[in-house]
$ cat work-v8.txt   # compact mmCIF, C-alpha atoms and all ligand atoms
# COMPACT_ATOMS: atom_id res chain seq x y z
CA MET D 1 18.60 -1.94 -85.22
CA ASN D 2 17.17 -5.05 -83.65
CA SER D 3 13.44 -5.48 -83.91
CA GLU D 4 13.09 -9.11 -82.97
CA TYR D 5 10.21 -10.54 -81.05
CA ILE D 6 10.59 -13.71 -79.01
CA ARG D 7 7.59 -15.98 -78.52
CA HIS D 8 7.38 -19.04 -76.27
CA ALA D 9 5.48 -21.92 -77.88
CA ASN D 10 4.76 -25.58 -77.33
CA PHE D 11 5.38 -27.95 -80.25
CA GLY D 12 4.62 -31.32 -78.70
CA TRP D 13 3.56 -33.39 -75.71
CA LEU D 14 5.09 -36.33 -73.91
CA HIS D 15 3.35 -38.16 -71.09
CA LYS D 16 4.80 -41.04 -69.16
CA PRO D 17 2.72 -41.59 -66.02
CA PRO D 18 3.27 -41.28 -63.10
CA LEU D 19 5.34 -38.29 -64.28
CA PRO D 20 3.27 -35.24 -65.19
CA PRO D 21 2.86 -34.33 -68.90
CA ALA D 22 5.98 -32.75 -70.41
CA CYS D 23 5.85 -30.10 -73.11
CA CYS D 24 8.22 -29.31 -75.99
CA HIS D 25 8.86 -25.63 -75.21
CA CYS D 26 10.39 -24.02 -78.29
CA LEU D 27 11.15 -20.39 -79.14
CA ILE D 28 9.97 -18.44 -82.16
CA VAL D 29 12.24 -15.49 -82.87
CA GLN D 30 10.56 -13.24 -85.37
CA ALA D 31 12.27 -10.38 -87.19
CA GLY D 32 10.11 -8.89 -89.91
CA HIS D 33 8.95 -11.74 -92.14
CA ARG D 34 11.73 -14.06 -91.02
CA VAL D 35 11.55 -16.64 -88.29
CA VAL D 36 14.29 -18.41 -86.35
CA LEU D 37 13.24 -21.41 -84.28
CA VAL D 38 14.95 -22.82 -81.22
CA ASP D 39 14.22 -26.58 -81.35
CA THR D 40 11.29 -27.99 -83.29
CA GLY D 41 9.30 -30.44 -81.16
CA ILE D 42 7.29 -33.29 -82.71
CA GLY D 43 6.80 -32.81 -86.45
CA THR D 44 4.16 -33.73 -89.02
CA HIS D 45 6.30 -36.55 -90.44
CA ASP D 46 6.61 -38.06 -86.94
CA ILE D 47 2.82 -38.01 -86.71
CA ALA D 48 2.39 -39.60 -90.17
CA GLN D 49 4.93 -42.38 -89.60
CA PRO D 50 5.75 -42.63 -85.90
CA ASP D 51 7.17 -46.15 -85.92
CA ARG D 52 9.46 -45.51 -88.85
CA ARG D 53 10.59 -42.09 -87.65
CA ILE D 54 11.00 -42.67 -83.92
CA GLY D 55 10.40 -46.34 -83.21
CA ARG D 56 7.89 -48.05 -80.99
CA GLU D 57 10.28 -48.53 -78.10
CA ALA D 58 11.34 -44.87 -77.91
CA ILE D 59 7.72 -43.74 -78.27
CA ALA D 60 6.67 -45.88 -75.32
CA ALA D 61 9.75 -45.01 -73.24
CA ALA D 62 9.26 -41.23 -73.51
CA GLY D 63 5.45 -41.26 -73.85
CA PHE D 64 5.21 -39.42 -77.17
CA ILE D 65 1.74 -38.08 -77.96
CA PHE D 66 1.01 -37.15 -81.57
CA ILE D 67 -1.23 -34.13 -82.07
CA ASP D 68 -1.37 -32.37 -85.45
CA SER D 69 -2.44 -28.96 -84.18
CA VAL D 70 0.57 -28.67 -81.87
CA THR D 71 3.34 -29.01 -84.48
CA ALA D 72 5.58 -26.04 -85.32
CA LYS D 73 4.33 -26.11 -88.91
CA SER D 74 0.68 -25.95 -87.83
CA CYS D 75 1.27 -23.28 -85.15
CA LEU D 76 3.25 -21.05 -87.53
CA GLU D 77 0.61 -21.45 -90.24
CA GLN D 78 -2.04 -20.34 -87.74
CA ALA D 79 0.13 -17.28 -87.05
CA GLY D 80 0.35 -16.51 -90.78
CA PHE D 81 3.83 -17.84 -91.49
CA GLY D 82 4.51 -20.27 -94.33
CA VAL D 83 7.24 -22.88 -94.25
CA SER D 84 9.67 -20.62 -96.13
CA ALA D 85 9.53 -17.96 -93.40
CA VAL D 86 11.65 -20.24 -91.21
CA THR D 87 15.18 -19.45 -92.37
CA ASP D 88 17.11 -20.89 -89.43
CA ILE D 89 16.71 -23.49 -86.70
CA VAL D 90 19.04 -23.52 -83.71
CA LEU D 91 19.09 -26.88 -81.94
CA THR D 92 19.94 -27.50 -78.30
CA HIS D 93 20.60 -31.14 -79.23
CA CYS D 94 19.33 -33.87 -81.54
CA ASP D 95 17.07 -36.06 -79.37
CA PRO D 96 13.90 -37.23 -81.22
CA ASP D 97 11.52 -34.94 -79.30
CA HIS D 98 13.57 -31.87 -80.29
CA VAL D 99 14.22 -32.48 -83.99
CA GLY D 100 10.90 -33.90 -85.26
CA GLY D 101 9.95 -30.63 -86.95
CA LEU D 102 13.22 -30.25 -88.89
CA SER D 103 11.86 -31.99 -91.99
CA ASP D 104 8.85 -29.63 -92.03
CA PHE D 105 11.32 -26.81 -92.81
CA PRO D 106 13.73 -28.52 -95.22
CA GLU D 107 15.24 -25.29 -96.57
CA ALA D 108 16.19 -23.86 -93.17
CA THR D 109 19.80 -23.72 -92.03
CA VAL D 110 20.18 -25.98 -88.99
CA HIS D 111 22.68 -24.71 -86.42
CA VAL D 112 24.16 -27.19 -83.96
CA SER D 113 27.39 -27.68 -82.03
CA SER D 114 30.00 -29.79 -83.80
CA GLU D 115 30.15 -32.02 -80.71
CA GLU D 116 26.41 -32.76 -81.03
CA ARG D 117 26.73 -33.51 -84.73
CA ALA D 118 29.62 -35.89 -83.99
CA ASN D 119 27.50 -37.59 -81.33
CA LEU D 120 24.67 -37.92 -83.85
CA ASP D 121 27.06 -39.47 -86.36
CA SER D 122 28.32 -41.96 -83.79
CA ASP D 123 26.28 -45.06 -83.08
CA ASN D 124 24.59 -43.51 -80.03
CA SER D 125 21.20 -45.23 -79.96
CA ARG D 126 19.37 -42.25 -78.39
CA TYR D 127 18.99 -40.60 -81.81
CA SER D 128 16.58 -41.51 -84.63
CA PRO D 129 18.42 -41.35 -87.98
CA ALA D 130 15.10 -41.48 -89.90
CA GLN D 131 14.36 -37.92 -88.71
CA PHE D 132 17.35 -36.60 -90.69
CA THR D 133 16.99 -38.40 -94.04
CA HIS D 134 15.68 -35.24 -95.75
CA GLY D 135 19.23 -33.86 -95.51
CA PRO D 136 19.27 -30.81 -93.21
CA HIS D 137 21.47 -27.86 -94.21
CA TRP D 138 23.81 -28.09 -91.24
CA ARG D 139 25.96 -25.30 -89.91
CA LEU D 140 28.33 -26.46 -87.19
CA TYR D 141 29.90 -24.48 -84.36
CA GLU D 142 32.99 -25.47 -82.46
CA THR D 143 34.79 -22.27 -81.53
CA ASP D 144 34.04 -20.57 -78.23
CA ASP D 145 34.43 -17.08 -79.65
CA SER D 146 32.52 -15.15 -77.03
CA GLU D 147 31.58 -15.06 -73.38
CA PHE D 148 28.14 -15.27 -71.82
CA PHE D 149 28.09 -14.25 -68.15
CA GLY D 150 31.27 -16.15 -67.41
CA LEU D 151 30.42 -19.13 -69.62
CA ARG D 152 31.87 -19.84 -73.02
CA SER D 153 29.58 -19.18 -75.95
CA ARG D 154 29.48 -19.40 -79.71
CA ARG D 155 27.97 -16.71 -81.93
CA VAL D 156 25.25 -18.17 -84.15
CA LYS D 157 25.05 -16.64 -87.62
CA THR D 158 21.45 -16.55 -88.84
CA SER D 159 19.54 -14.56 -91.44
CA ILE D 160 18.39 -12.05 -88.81
CA ASP D 161 20.38 -9.33 -87.13
CA THR D 162 19.98 -10.59 -83.58
CA ASP D 163 22.65 -11.64 -81.10
CA ILE D 164 22.12 -15.39 -80.70
CA ARG D 165 24.59 -17.64 -78.83
CA MET D 166 25.09 -21.32 -78.27
CA VAL D 167 26.28 -21.91 -74.73
CA PRO D 168 27.79 -25.37 -74.16
CA LEU D 169 25.86 -27.17 -71.40
CA PHE D 170 27.22 -30.61 -72.11
CA GLY D 171 26.17 -33.77 -70.32
CA HIS D 172 22.55 -34.59 -71.26
CA THR D 173 24.14 -35.30 -74.63
CA LEU D 174 27.82 -34.84 -75.50
CA GLY D 175 27.11 -31.69 -77.51
CA HIS D 176 24.07 -30.29 -75.71
CA CYS D 177 23.98 -26.45 -75.69
CA GLY D 178 21.71 -23.76 -74.34
CA VAL D 179 20.61 -21.03 -76.76
CA ALA D 180 20.69 -17.38 -75.66
CA ILE D 181 18.88 -14.61 -77.56
CA LYS D 182 19.32 -10.94 -76.84
CA SER D 183 16.35 -8.63 -77.07
CA GLN D 184 16.92 -5.03 -76.05
CA ASP D 185 18.81 -5.27 -72.76
CA ARG D 186 17.63 -8.76 -71.73
CA TRP D 187 18.63 -12.28 -72.63
CA THR D 188 16.20 -15.15 -73.08
CA PHE D 189 18.21 -18.27 -72.38
CA HIS D 190 16.73 -21.59 -73.48
CA VAL D 191 18.53 -24.30 -71.53
CA GLY D 192 17.11 -27.24 -73.50
CA ASP D 193 17.24 -30.37 -71.35
CA ALA D 194 19.98 -29.09 -69.02
CA TYR D 195 17.17 -29.29 -66.49
CA TYR D 196 13.87 -31.13 -66.97
CA LEU D 197 12.15 -29.12 -64.25
CA ARG D 198 13.18 -25.70 -63.04
CA ALA D 199 12.89 -26.99 -59.48
CA GLU D 200 16.19 -28.83 -60.08
CA LEU D 201 17.94 -25.47 -59.80
CA THR D 202 16.97 -25.18 -56.16
CA ASP D 203 16.37 -28.80 -55.14
CA ASP D 204 19.47 -30.96 -55.35
CA LYS D 205 17.47 -34.08 -54.50
CA HIS D 206 14.48 -33.57 -56.78
CA PRO D 207 13.03 -36.99 -57.82
CA ILE D 208 13.32 -36.06 -61.54
CA ALA D 209 17.12 -36.05 -61.11
CA GLN D 210 17.00 -39.85 -61.33
CA LEU D 211 15.59 -39.66 -64.87
CA ALA D 212 18.03 -36.88 -65.79
CA MET D 213 20.91 -39.03 -64.63
CA MET D 214 19.68 -42.07 -66.57
CA ARG D 215 19.27 -40.06 -69.77
CA ALA D 216 22.66 -38.32 -69.56
CA ASP D 217 25.47 -39.27 -71.91
CA ASP D 218 27.88 -37.90 -69.28
CA ASP D 219 26.34 -37.33 -65.86
CA ARG D 220 29.36 -35.55 -64.37
CA LEU D 221 29.19 -32.96 -67.15
CA ARG D 222 25.42 -32.73 -66.72
CA ARG D 223 25.79 -31.85 -63.03
CA GLU D 224 28.48 -29.27 -63.85
CA SER D 225 26.14 -27.68 -66.40
CA LEU D 226 23.35 -27.58 -63.82
CA ASP D 227 25.72 -25.80 -61.41
CA SER D 228 26.49 -23.23 -64.14
CA LEU D 229 22.75 -22.62 -64.54
CA ARG D 230 22.33 -22.19 -60.78
CA ARG D 231 24.86 -19.36 -60.93
CA LEU D 232 23.38 -17.91 -64.10
CA SER D 233 19.84 -17.92 -62.68
CA LYS D 234 20.93 -15.17 -60.28
CA GLN D 235 21.63 -12.76 -63.17
CA PRO D 236 18.87 -10.14 -63.14
CA ASN D 237 18.75 -9.66 -66.92
CA VAL D 238 18.73 -13.33 -67.99
CA ASP D 239 15.41 -15.21 -68.30
CA LEU D 240 15.86 -18.98 -68.23
CA CYS D 241 13.46 -21.50 -69.68
CA GLY D 242 13.73 -25.24 -70.23
CA TYR D 243 12.13 -27.55 -72.76
CA HIS D 244 9.91 -29.84 -70.70
CA ASP D 245 8.66 -27.88 -67.67
CA THR D 246 5.04 -26.93 -68.41
CA SER D 247 5.07 -24.29 -65.66
CA GLU D 248 7.46 -22.19 -67.76
CA LEU D 249 5.08 -21.89 -70.71
CA PRO D 250 2.93 -18.76 -70.94
CA ALA D 251 -0.51 -19.33 -69.39
CA MET D 252 -2.22 -18.87 -72.78
CA VAL D 253 -0.51 -21.95 -74.29
CA PRO D 254 -3.08 -24.81 -74.31
CA LYS D 255 -2.62 -27.62 -71.79
CA LEU D 256 -2.46 -31.25 -72.83
CA GLU D 257 -6.08 -31.88 -71.80
CA ASP D 258 -7.15 -28.96 -74.01
CA VAL D 259 -5.62 -30.39 -77.18
CA ALA D 260 -5.76 -34.18 -76.71
CA SER D 261 -8.97 -35.59 -78.17
CA PRO D 262 -10.32 -39.03 -77.23
CA ASN D 263 -8.89 -40.25 -80.55
CA THR D 264 -5.38 -39.09 -79.79
CA PRO D 265 -3.22 -42.12 -79.18
CA GLN D 266 -2.38 -42.20 -75.48
CA PRO D 267 0.58 -43.94 -73.94
CA SER D 268 -0.30 -47.33 -72.54
ZN ZN D 301 14.01 -33.61 -74.43

$ encode --input "work-v8.txt" --output "structure tokens"
Amino acid sequence: MNSEYIRHANFGWLHKPPLPPACCHCLIVQAGHRVVLVDTGIGTHDIAQPDRRIGREAIAAAGFIFIDSVTAKSCLEQAGFGVSAVTDIVLTHCDPDHVGGLSDFPEATVHVSSEERANLDSDNSRYSPAQFTHGPHWRLYETDDSEFFGLRSRRVKTSIDTDIRMVPLFGHTLGHCGVAIKSQDRWTFHVGDAYYLRAELTDDKHPIAQLAMMRADDDRLRRESLDSLRRLSKQPNVDLCGYHDTSELPAMVPKLEDVASPNTPQPS
């Protein structure tokens, strides 16, 4: 019997004016004492050594803001979960703002598509190798063994008895996937960076599309993935959420101005 509980959380902030602040919307899937995370936001090691972990150029380009109380480790501790409760982490992709918390949970199994891992191992400069030096316990997925509303999907094997799928939404990166989690008769579908703002689903000419295009490893694939999401968004029992759109976070999640103190380094 499934008894999972899915929570929407924010594990980091990015702000690159004139764009509005962007969150790092992650999922906490709790089953008993075990926790599965979808993406990990900005981690404590990023905060301790930002230049070494991410690099000054990438920090300035994306507008990273480093706030201790917003990390996955800190938020889970506040909810009563120690580091060892996190048994599994499912990644949409390996960009620096999604993997910073990996090293805070070094014993967790890290699930990722084999295409994304290959992209990480290539010399693609979008990734920050210093965020992986702790040696994650990778588990790779390459076989489309199941279907998800007409899309191919891959069953993710975690420590909890919950139906979790990777759904290839390639383009933003070469191995970028959405992550779908079934709870009772509904699916929560985290689309990662397949859109930056939900408005892209309805507005073909949204100004943010320019940034999405620039950041895509393969823009043709990215646009195909976005079209898949437009179809999927019409499914009545699928709830989509993306990583960076603050309007998709629950209202109770603190806003940037609530957590950023005057001492918090701000982007220049
Ligand atoms: Zn991102």

$ residues_near_ligand --input "work-v8.txt" --ligand "ligand ZN 301 (chain D)" --cutoff "10 Å" --atoms "only C-alpha atoms and all ligand atoms" --output "tab-separated table (two decimals) with C-alpha atoms, keeping the file's coordinate frame"
chain	number	residue	atom	x	y	z
D	14	LEU	CA	5.09	-36.33	-73.91
D	22	ALA	CA	5.98	-32.75	-70.41
D	23	CYS	CA	5.85	-30.10	-73.11
D	24	CYS	CA	8.22	-29.31	-75.99
D	25	HIS	CA	8.86	-25.63	-75.21
D	39	ASP	CA	14.22	-26.58	-81.35
D	41	GLY	CA	9.30	-30.44	-81.16
D	62	ALA	CA	9.26	-41.23	-73.51
D	92	THR	CA	19.94	-27.50	-78.30
D	93	HIS	CA	20.60	-31.14	-79.23
D	94	CYS	CA	19.33	-33.87	-81.54
D	95	ASP	CA	17.07	-36.06	-79.37
D	96	PRO	CA	13.90	-37.23	-81.22
D	97	ASP	CA	11.52	-34.94	-79.30
D	98	HIS	CA	13.57	-31.87	-80.29
D	99	VAL	CA	14.22	-32.48	-83.99
D	172	HIS	CA	22.55	-34.59	-71.26
D	192	GLY	CA	17.11	-27.24	-73.50
D	193	ASP	CA	17.24	-30.37	-71.35
D	194	ALA	CA	19.98	-29.09	-69.02
D	195	TYR	CA	17.17	-29.29	-66.49
D	196	TYR	CA	13.87	-31.13	-66.97
D	215	ARG	CA	19.27	-40.06	-69.77
D	242	GLY	CA	13.73	-25.24	-70.23
D	243	TYR	CA	12.13	-27.55	-72.76
D	244	HIS	CA	9.91	-29.84	-70.70

$ closest_residue --input "work-v8.txt" --among "D:Arg126, D:His15, D:Lys157, D:Arg7" --to "Cys241 of chain D" --atoms "only C-alpha atoms"
D:Arg7

$ residues_around --input "work-v8.txt" --residues "Arg154 of chain D" --least-positions-apart "5" --cutoff "12 Å" --atoms "all atoms listed in the file" --output "MDAnalysis selection string"
chainID D and resid 90 111:114 140:148 163:169 177:181

$ atom_distance --input "work-v8.txt" --atom1 "atom CA of Arg155 of chain D" --atom2 "atom CA of Lys182 of chain D"
11.6 Å

$ atom_distance --input "work-v8.txt" --atom1 "atom CA of Pro136 of chain D" --atom2 "atom CA of Arg117 of chain D"
11.6 Å

$ closest_residue --input "work-v8.txt" --among "D:His45, D:Ser233, D:Asp219, D:Pro207" --to "Pro18 of chain D" --atoms "only C-alpha atoms"
D:Pro207

$ residues_around --input "work-v8.txt" --residues "segment 67-77 of chain D" --least-positions-apart "4" --cutoff "10 Å" --atoms "only C-alpha atoms" --output "compact mmCIF listing (two decimals) with C-alpha atoms, in the coordinates of the input"
# COMPACT_ATOMS: atom_id res chain seq x y z
CA ALA D 9 5.48 -21.92 -77.88
CA ASN D 10 4.76 -25.58 -77.33
CA PHE D 11 5.38 -27.95 -80.25
CA GLY D 12 4.62 -31.32 -78.70
CA TRP D 13 3.56 -33.39 -75.71
CA CYS D 24 8.22 -29.31 -75.99
CA CYS D 26 10.39 -24.02 -78.29
CA ILE D 28 9.97 -18.44 -82.16
CA VAL D 35 11.55 -16.64 -88.29
CA LEU D 37 13.24 -21.41 -84.28
CA ASP D 39 14.22 -26.58 -81.35
CA THR D 40 11.29 -27.99 -83.29
CA GLY D 41 9.30 -30.44 -81.16
CA ILE D 42 7.29 -33.29 -82.71
CA GLY D 43 6.80 -32.81 -86.45
CA THR D 44 4.16 -33.73 -89.02
CA ASP D 46 6.61 -38.06 -86.94
CA ILE D 47 2.82 -38.01 -86.71
CA ALA D 48 2.39 -39.60 -90.17
CA PHE D 81 3.83 -17.84 -91.49
CA GLY D 82 4.51 -20.27 -94.33
CA VAL D 83 7.24 -22.88 -94.25
CA ALA D 85 9.53 -17.96 -93.40
CA VAL D 86 11.65 -20.24 -91.21
CA GLY D 100 10.90 -33.90 -85.26
CA GLY D 101 9.95 -30.63 -86.95
CA LEU D 102 13.22 -30.25 -88.89
CA ASP D 104 8.85 -29.63 -92.03
CA PHE D 105 11.32 -26.81 -92.81
CA PRO D 254 -3.08 -24.81 -74.31
CA LEU D 256 -2.46 -31.25 -72.83
CA VAL D 259 -5.62 -30.39 -77.18
CA ALA D 260 -5.76 -34.18 -76.71
CA SER D 261 -8.97 -35.59 -78.17
CA ASN D 263 -8.89 -40.25 -80.55
CA THR D 264 -5.38 -39.09 -79.79
CA PRO D 265 -3.22 -42.12 -79.18

$ closest_residue --input "work-v8.txt" --among "D:Asp51, D:Ser103, D:Leu91, D:Leu232" --to "Val156 of chain D" --atoms "all atoms listed in the file"
D:Leu91

$ atom_distance --input "work-v8.txt" --atom1 "atom CA of Leu211 of chain D" --atom2 "atom CA of Gly63 of chain D"
13.6 Å

$ closest_residue --input "work-v8.txt" --among "D:Asp185, D:Asp123, D:Asp204, D:Glu4" --to "Asp161 of chain D" --atoms "all atoms listed in the file"
D:Glu4

$ closest_residue --input "work-v8.txt" --among "D:Lys205, D:His176, D:Arg186, D:His33" --to "Leu221 of chain D" --atoms "all atoms listed in the file"
D:His176

$ closest_residue --input "work-v8.txt" --among "D:Pro50, D:Thr109, D:Ser125, D:Ile160" --to "Arg139 of chain D" --atoms "all atoms listed in the file"
D:Thr109

$ axis_aligned_box --input "work-v8.txt" --around "segment 70-77 of chain D" --padding-each-side "4 Å" --output "JSON"
{"center_x": 3.1, "center_y": -25.0, "center_z": -86.1, "size_x": 13.0, "size_y": 16.0, "size_z": 16.4}

$ build_atoms --input "work-v8.txt" --residues "segment 148-169 of chain D" --atoms "N, CA and C atoms" --output "tab-separated table (two decimals), in the coordinates of the input"
chain	number	residue	atom	x	y	z
D	148	PHE	N	29.53	-15.51	-72.21
D	148	PHE	CA	28.14	-15.27	-71.82
D	148	PHE	C	28.07	-15.40	-70.29
D	149	PHE	N	28.14	-14.27	-69.61
D	149	PHE	CA	28.09	-14.25	-68.15
D	149	PHE	C	29.03	-15.28	-67.52
D	150	GLY	N	30.27	-15.26	-67.99
D	150	GLY	CA	31.27	-16.15	-67.41
D	150	GLY	C	31.33	-17.53	-68.03
D	151	LEU	N	30.39	-17.84	-68.92
D	151	LEU	CA	30.42	-19.13	-69.62
D	151	LEU	C	30.93	-18.90	-71.04
D	152	ARG	N	31.46	-19.95	-71.62
D	152	ARG	CA	31.87	-19.84	-73.02
D	152	ARG	C	30.63	-19.84	-73.89
D	153	SER	N	30.71	-19.14	-75.03
D	153	SER	CA	29.58	-19.18	-75.95
D	153	SER	C	30.07	-19.08	-77.39
D	154	ARG	N	29.18	-19.38	-78.28
D	154	ARG	CA	29.48	-19.40	-79.71
D	154	ARG	C	28.44	-18.54	-80.43
D	155	ARG	N	28.90	-17.59	-81.22
D	155	ARG	CA	27.97	-16.71	-81.93
D	155	ARG	C	27.32	-17.46	-83.08
D	156	VAL	N	25.99	-17.46	-83.11
D	156	VAL	CA	25.25	-18.17	-84.15
D	156	VAL	C	24.90	-17.19	-85.26
D	157	LYS	N	25.27	-17.54	-86.48
D	157	LYS	CA	25.05	-16.64	-87.62
D	157	LYS	C	23.78	-17.06	-88.35
D	158	THR	N	22.73	-16.25	-88.19
D	158	THR	CA	21.45	-16.55	-88.84
D	158	THR	C	21.13	-15.45	-89.84
D	159	SER	N	19.94	-15.55	-90.44
D	159	SER	CA	19.54	-14.56	-91.44
D	159	SER	C	19.04	-13.27	-90.79
D	160	ILE	N	18.90	-13.27	-89.47
D	160	ILE	CA	18.39	-12.05	-88.81
D	160	ILE	C	19.50	-11.41	-87.98
D	161	ASP	N	19.33	-10.13	-87.77
D	161	ASP	CA	20.38	-9.33	-87.13
D	161	ASP	C	20.16	-9.30	-85.61
D	162	THR	N	20.24	-10.46	-85.02
D	162	THR	CA	19.98	-10.59	-83.58
D	162	THR	C	21.13	-11.36	-82.97
D	163	ASP	N	21.55	-10.95	-81.77
D	163	ASP	CA	22.65	-11.64	-81.10
D	163	ASP	C	22.12	-12.96	-80.53
D	164	ILE	N	22.54	-14.06	-81.14
D	164	ILE	CA	22.12	-15.39	-80.70
D	164	ILE	C	23.39	-16.20	-80.38
D	165	ARG	N	23.41	-16.87	-79.24
D	165	ARG	CA	24.59	-17.64	-78.83
D	165	ARG	C	24.21	-19.09	-78.51
D	166	MET	N	25.13	-19.98	-78.84
D	166	MET	CA	25.09	-21.32	-78.27
D	166	MET	C	25.99	-21.31	-77.05
D	167	VAL	N	25.49	-21.86	-75.96
D	167	VAL	CA	26.28	-21.91	-74.73
D	167	VAL	C	26.42	-23.39	-74.35
D	168	PRO	N	27.62	-23.94	-74.48
D	168	PRO	CA	27.79	-25.37	-74.16
D	168	PRO	C	27.30	-25.70	-72.75
D	169	LEU	N	26.34	-26.60	-72.67
D	169	LEU	CA	25.86	-27.17	-71.40
D	169	LEU	C	25.87	-28.68	-71.61
